[in-house]
Structures are given as C-alpha cells and as structure tokens.
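Colleague: Contents are mmCIF, N, CA and C atoms; file name run.cif:
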```
data_start
#
loop_
_atom_site.label_atom_id
_atom_site.label_comp_id
_atom_site.auth_asym_id
_atom_site.auth_seq_id
_atom_site.Cartn_x
_atom_site.Cartn_y
_atom_site.Cartn_z
N MET A 1 -41.46 -19.71 -20.30
CA MET A 1 -40.26 -19.91 -19.50
C MET A 1 -40.18 -21.38 -19.08
N ASN A 2 -38.99 -21.94 -19.16
CA ASN A 2 -38.77 -23.34 -18.83
C ASN A 2 -38.51 -23.46 -17.32
N TYR A 3 -39.54 -23.86 -16.57
CA TYR A 3 -39.43 -23.92 -15.11
C TYR A 3 -38.51 -25.05 -14.65
N THR A 4 -38.47 -26.14 -15.41
CA THR A 4 -37.59 -27.25 -15.05
C THR A 4 -36.13 -26.80 -15.07
N LYS A 5 -35.76 -26.08 -16.12
CA LYS A 5 -34.39 -25.59 -16.23
C LYS A 5 -34.09 -24.57 -15.13
N LEU A 6 -35.06 -23.73 -14.82
CA LEU A 6 -34.90 -22.73 -13.76
C LEU A 6 -34.68 -23.41 -12.41
N ILE A 7 -35.51 -24.41 -12.12
CA ILE A 7 -35.38 -25.14 -10.85
C ILE A 7 -34.04 -25.86 -10.79
N LYS A 8 -33.62 -26.47 -11.90
CA LYS A 8 -32.34 -27.17 -11.95
C LYS A 8 -31.19 -26.20 -11.66
N ASN A 9 -31.24 -25.02 -12.24
CA ASN A 9 -30.19 -24.01 -12.00
C ASN A 9 -30.18 -23.57 -10.54
N ILE A 10 -31.34 -23.41 -9.95
CA ILE A 10 -31.42 -23.01 -8.54
C ILE A 10 -30.82 -24.10 -7.65
N VAL A 11 -31.14 -25.35 -7.94
CA VAL A 11 -30.62 -26.48 -7.15
C VAL A 11 -29.10 -26.55 -7.29
N ILE A 12 -28.60 -26.40 -8.51
CA ILE A 12 -27.15 -26.45 -8.73
C ILE A 12 -26.45 -25.33 -7.96
N LYS A 13 -27.01 -24.14 -7.98
CA LYS A 13 -26.41 -23.03 -7.25
C LYS A 13 -26.45 -23.28 -5.75
N LYS A 14 -27.54 -23.86 -5.27
CA LYS A 14 -27.67 -24.14 -3.84
C LYS A 14 -26.64 -25.19 -3.41
N VAL A 15 -26.47 -26.23 -4.20
CA VAL A 15 -25.49 -27.27 -3.89
C VAL A 15 -24.08 -26.67 -3.88
N TYR A 16 -23.80 -25.82 -4.86
CA TYR A 16 -22.49 -25.17 -4.93
C TYR A 16 -22.23 -24.33 -3.67
N LEU A 17 -23.22 -23.57 -3.25
CA LEU A 17 -23.06 -22.74 -2.05
C LEU A 17 -22.87 -23.58 -0.80
N ILE A 18 -23.59 -24.69 -0.71
CA ILE A 18 -23.45 -25.58 0.44
C ILE A 18 -22.05 -26.17 0.47
N MET A 19 -21.55 -26.64 -0.67
CA MET A 19 -20.20 -27.21 -0.73
C MET A 19 -19.15 -26.16 -0.39
N LYS A 20 -19.35 -24.94 -0.88
CA LYS A 20 -18.42 -23.85 -0.58
C LYS A 20 -18.42 -23.57 0.93
N LEU A 21 -19.59 -23.61 1.55
CA LEU A 21 -19.70 -23.40 3.00
C LEU A 21 -18.99 -24.52 3.76
N ILE A 22 -19.15 -25.75 3.31
CA ILE A 22 -18.51 -26.89 3.97
C ILE A 22 -16.99 -26.74 3.90
N VAL A 23 -16.49 -26.43 2.72
CA VAL A 23 -15.05 -26.28 2.56
C VAL A 23 -14.53 -25.13 3.42
N SER A 24 -15.24 -24.00 3.43
CA SER A 24 -14.78 -22.87 4.24
C SER A 24 -14.83 -23.21 5.73
N THR A 25 -15.81 -24.01 6.14
CA THR A 25 -15.88 -24.44 7.54
C THR A 25 -14.66 -25.29 7.90
N LEU A 26 -14.29 -26.21 7.02
CA LEU A 26 -13.11 -27.04 7.27
C LEU A 26 -11.84 -26.19 7.35
N VAL A 27 -11.72 -25.24 6.44
CA VAL A 27 -10.54 -24.37 6.44
C VAL A 27 -10.49 -23.55 7.73
N ASN A 28 -11.62 -23.00 8.15
CA ASN A 28 -11.65 -22.23 9.40
C ASN A 28 -11.30 -23.09 10.60
N MET A 29 -11.78 -24.33 10.62
CA MET A 29 -11.46 -25.23 11.72
C MET A 29 -9.95 -25.51 11.75
N LYS A 30 -9.37 -25.72 10.58
CA LYS A 30 -7.93 -25.97 10.51
C LYS A 30 -7.15 -24.74 10.97
N THR A 31 -7.59 -23.55 10.54
CA THR A 31 -6.91 -22.31 10.89
C THR A 31 -6.88 -22.10 12.40
N ARG A 32 -7.96 -22.48 13.06
CA ARG A 32 -8.05 -22.31 14.52
C ARG A 32 -7.40 -23.45 15.28
N GLY A 33 -6.80 -24.40 14.56
CA GLY A 33 -6.11 -25.51 15.22
C GLY A 33 -7.04 -26.63 15.64
N GLY A 34 -8.31 -26.58 15.25
CA GLY A 34 -9.26 -27.61 15.64
C GLY A 34 -9.31 -28.78 14.68
N LEU A 35 -8.63 -28.66 13.57
CA LEU A 35 -8.66 -29.72 12.57
C LEU A 35 -7.26 -29.85 11.99
N ILE A 36 -6.68 -31.01 12.14
CA ILE A 36 -5.31 -31.19 11.69
C ILE A 36 -5.26 -31.54 10.20
N HIS A 37 -6.11 -32.45 9.77
CA HIS A 37 -6.09 -32.91 8.38
C HIS A 37 -7.50 -32.83 7.79
N PRO A 38 -7.87 -31.71 7.18
CA PRO A 38 -9.21 -31.63 6.59
C PRO A 38 -9.36 -32.61 5.44
N ASN A 39 -10.45 -33.33 5.44
CA ASN A 39 -10.68 -34.36 4.44
C ASN A 39 -12.17 -34.42 4.16
N MET A 40 -12.57 -34.15 2.93
CA MET A 40 -13.99 -34.14 2.57
C MET A 40 -14.65 -35.51 2.71
N HIS A 41 -13.91 -36.58 2.40
CA HIS A 41 -14.48 -37.93 2.52
C HIS A 41 -14.84 -38.22 3.98
N PHE A 42 -13.92 -37.90 4.88
CA PHE A 42 -14.17 -38.13 6.30
C PHE A 42 -15.30 -37.23 6.80
N PHE A 43 -15.29 -35.98 6.36
CA PHE A 43 -16.34 -35.04 6.75
C PHE A 43 -17.71 -35.55 6.31
N ASN A 44 -17.82 -36.02 5.07
CA ASN A 44 -19.09 -36.55 4.57
C ASN A 44 -19.50 -37.81 5.32
N PHE A 45 -18.52 -38.64 5.71
CA PHE A 45 -18.81 -39.84 6.48
C PHE A 45 -19.40 -39.48 7.84
N ILE A 46 -18.79 -38.53 8.53
CA ILE A 46 -19.30 -38.08 9.83
C ILE A 46 -20.67 -37.44 9.68
N ARG A 47 -20.86 -36.66 8.61
CA ARG A 47 -22.16 -36.02 8.37
C ARG A 47 -23.24 -37.09 8.16
N LYS A 48 -22.91 -38.17 7.45
CA LYS A 48 -23.86 -39.25 7.23
C LYS A 48 -24.22 -39.93 8.56
N ILE A 49 -23.24 -40.09 9.44
CA ILE A 49 -23.51 -40.66 10.77
C ILE A 49 -24.49 -39.77 11.52
N GLU A 50 -24.26 -38.46 11.49
CA GLU A 50 -25.15 -37.53 12.19
C GLU A 50 -26.56 -37.56 11.61
N GLU A 51 -26.67 -37.58 10.29
CA GLU A 51 -27.99 -37.63 9.65
C GLU A 51 -28.72 -38.92 10.02
N SER A 52 -27.99 -40.03 10.00
CA SER A 52 -28.59 -41.32 10.33
C SER A 52 -29.02 -41.36 11.79
N PHE A 53 -28.20 -40.80 12.68
CA PHE A 53 -28.57 -40.77 14.10
C PHE A 53 -29.83 -39.94 14.30
N ALA A 54 -29.91 -38.79 13.64
CA ALA A 54 -31.10 -37.95 13.77
C ALA A 54 -32.34 -38.68 13.29
N GLN A 55 -32.19 -39.49 12.26
CA GLN A 55 -33.32 -40.23 11.70
C GLN A 55 -33.75 -41.38 12.61
N HIS A 56 -32.78 -42.06 13.24
CA HIS A 56 -33.07 -43.28 13.99
C HIS A 56 -32.94 -43.13 15.50
N SER A 57 -32.79 -41.93 16.01
CA SER A 57 -32.51 -41.75 17.44
C SER A 57 -33.61 -42.26 18.36
N SER A 58 -34.82 -42.34 17.88
CA SER A 58 -35.91 -42.80 18.75
C SER A 58 -36.08 -44.32 18.71
N SER A 59 -35.29 -45.00 17.90
CA SER A 59 -35.39 -46.45 17.77
C SER A 59 -34.59 -47.15 18.87
N ALA A 60 -35.02 -48.34 19.22
CA ALA A 60 -34.32 -49.11 20.25
C ALA A 60 -33.00 -49.68 19.72
N ASN A 61 -32.92 -49.92 18.42
CA ASN A 61 -31.70 -50.48 17.83
C ASN A 61 -31.02 -49.45 16.93
N VAL A 62 -30.74 -48.29 17.49
CA VAL A 62 -30.18 -47.17 16.73
C VAL A 62 -28.81 -47.52 16.15
N PHE A 63 -27.97 -48.22 16.91
CA PHE A 63 -26.63 -48.56 16.42
C PHE A 63 -26.70 -49.43 15.17
N GLU A 64 -27.55 -50.43 15.19
CA GLU A 64 -27.70 -51.33 14.04
C GLU A 64 -28.21 -50.56 12.81
N LEU A 65 -29.19 -49.69 13.00
CA LEU A 65 -29.74 -48.94 11.87
C LEU A 65 -28.72 -47.97 11.28
N ILE A 66 -27.92 -47.34 12.13
CA ILE A 66 -26.87 -46.45 11.64
C ILE A 66 -25.83 -47.26 10.86
N THR A 67 -25.45 -48.40 11.39
CA THR A 67 -24.48 -49.25 10.70
C THR A 67 -24.99 -49.69 9.33
N ILE A 68 -26.26 -50.04 9.25
CA ILE A 68 -26.86 -50.43 7.96
C ILE A 68 -26.82 -49.26 6.99
N ASP A 69 -27.17 -48.06 7.47
CA ASP A 69 -27.11 -46.87 6.61
C ASP A 69 -25.69 -46.63 6.09
N LEU A 70 -24.71 -46.79 6.97
CA LEU A 70 -23.31 -46.54 6.57
C LEU A 70 -22.82 -47.56 5.55
N MET A 71 -23.31 -48.78 5.65
CA MET A 71 -22.90 -49.82 4.70
C MET A 71 -23.49 -49.58 3.30
N LYS A 72 -24.49 -48.73 3.20
CA LYS A 72 -25.11 -48.41 1.91
C LYS A 72 -24.32 -47.37 1.12
N ILE A 73 -23.35 -46.71 1.76
CA ILE A 73 -22.56 -45.67 1.09
C ILE A 73 -21.69 -46.32 0.03
N LYS A 74 -21.84 -45.88 -1.20
CA LYS A 74 -21.03 -46.38 -2.31
C LYS A 74 -20.42 -45.21 -3.03
N PRO A 75 -19.17 -45.15 -3.29
CA PRO A 75 -18.14 -45.99 -2.67
C PRO A 75 -17.73 -45.41 -1.32
N LEU A 76 -17.38 -46.27 -0.44
CA LEU A 76 -16.86 -45.85 0.86
C LEU A 76 -15.34 -45.83 0.72
N SER A 77 -14.79 -44.64 0.51
CA SER A 77 -13.35 -44.57 0.25
C SER A 77 -12.73 -43.40 1.00
N PHE A 78 -11.46 -43.55 1.22
CA PHE A 78 -10.65 -42.51 1.82
C PHE A 78 -9.42 -42.35 0.93
N PRO A 79 -8.92 -41.14 0.76
CA PRO A 79 -7.84 -40.92 -0.19
C PRO A 79 -6.48 -41.46 0.24
N CYS A 80 -6.33 -41.88 1.46
CA CYS A 80 -5.05 -42.40 1.94
C CYS A 80 -4.77 -43.76 1.28
N ALA A 81 -3.65 -43.87 0.59
CA ALA A 81 -3.30 -45.10 -0.12
C ALA A 81 -3.14 -46.28 0.83
N MET A 82 -2.63 -46.04 2.01
CA MET A 82 -2.42 -47.13 2.96
C MET A 82 -3.75 -47.71 3.44
N VAL A 83 -4.73 -46.84 3.71
CA VAL A 83 -6.04 -47.30 4.17
C VAL A 83 -6.76 -48.05 3.05
N ASN A 84 -6.65 -47.58 1.82
CA ASN A 84 -7.33 -48.22 0.69
C ASN A 84 -6.78 -49.61 0.40
N LYS A 85 -5.56 -49.92 0.83
CA LYS A 85 -4.97 -51.24 0.59
C LYS A 85 -5.51 -52.29 1.55
N LEU A 86 -6.10 -51.85 2.65
CA LEU A 86 -6.61 -52.79 3.67
C LEU A 86 -7.80 -53.56 3.17
#
```
Turn the structure described in the file into structure tokens.

Modeller:
Amino acid sequence: MNYTKLIKNIVIKKVYLIMKLIVSTLVNMKTRGGLIHPNMHFFNFIRKIEESFAQHSSSANVFELITIDLMKIKPLSFPCAMVNKL
C-alpha cells in the first residue's frame, strides 16, 4: 500500500472539510446579520492576524512582529477593483 498517497488523500480531504466549514461559518454569520459582505480574502487576512498574535503574544514588540508576518503574505489582494487600484 502506498502510504504517501494515502496521507496525501487524507490531507486533501481535511483541507476540503476545513474550507467547507469556513464557508459555512461565513454564510451562517451573514444569515444572522452579523456579516454584511462575506469575503474569503478578508477572512483569511483576519485569521492570519489571529494566528500571528497567538504566536507572538508574549513578545514585547508584538505589533511589529504581527506587521512583519502580514507583509509576508503573497499576494495580499482583495477582490474589490477600487481597492486594487490604490
């Protein structure tokens, strides 16, 4: 049995389920009136901020470290044409 292929399939299924959960969470938030414009790019950006804060929260220069982490995101884009022109 090819364990590499098996592990790859498990990882792909797990990523798919996580993405499905994220999308359903956004839809539920919108349905309850808590989210006006669901946007995966913005959601991922906020999630990255939270992950970075959790990683650097005990540091004295947490803001700088989070900013550095955010600048590493490639590409940093939002689907709004007006924002992308800036």

Colleague: Kindly list the centre and edge lengths in Å, rounded to one decimal, for the axis-aligned box that covers all listed atoms of stretch 17-22 of chain A plus 3 Å on each of its six sides, as JSON.

Modeller:
```
{"center_x": -20.3, "center_y": -25.0, "center_z": 0.4, "size_x": 12.6, "size_y": 10.5, "size_z": 13.2}
```

Colleague: Select all residues near (-18.4, -31.4, 9.4) (cut-off 8 Å, inclusive, file coordinates), counting all atoms listed in the file, and output them as a PyMOL selection string.

Modeller: chain A and resi 22+25-26+42-44+46-47

Colleague: Evaluated on this file, the PyMOL selection byres ((chain A and resi 52) around 8) picks out some residues - which ones are they, written as a list in words?

Modeller: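 Applied to this file, the PyMOL selection byres ((chain A and resi 52) around 8) returns Ile46, Arg47, Lys48, Ile49, Glu50, Glu51, Phe53, Ala54, Gln55, His56, Ser57, Val62, Leu65, Ile66, Thr67, Asp69 and Leu70 of chain A.
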
Colleague: How far is it from atom C of A:Asn39 to atom C of A:Val27, in Å with one decimal?

Modeller: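 Taking atom C of A:Asn39 as the start and atom C of A:Val27 as the end point, the length is 11.6 Å.
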
Colleague: Report, in Å to a single decimal, how far apart atom C of A:His41 and atom CA of A:Met71 are.

Modeller: 14.1 Å

Colleague: What does the structure give for the distance between atom N of A:Lys74 and atom N of A:Asn28, in Å to one decimal?

Modeller: 26.7 Å
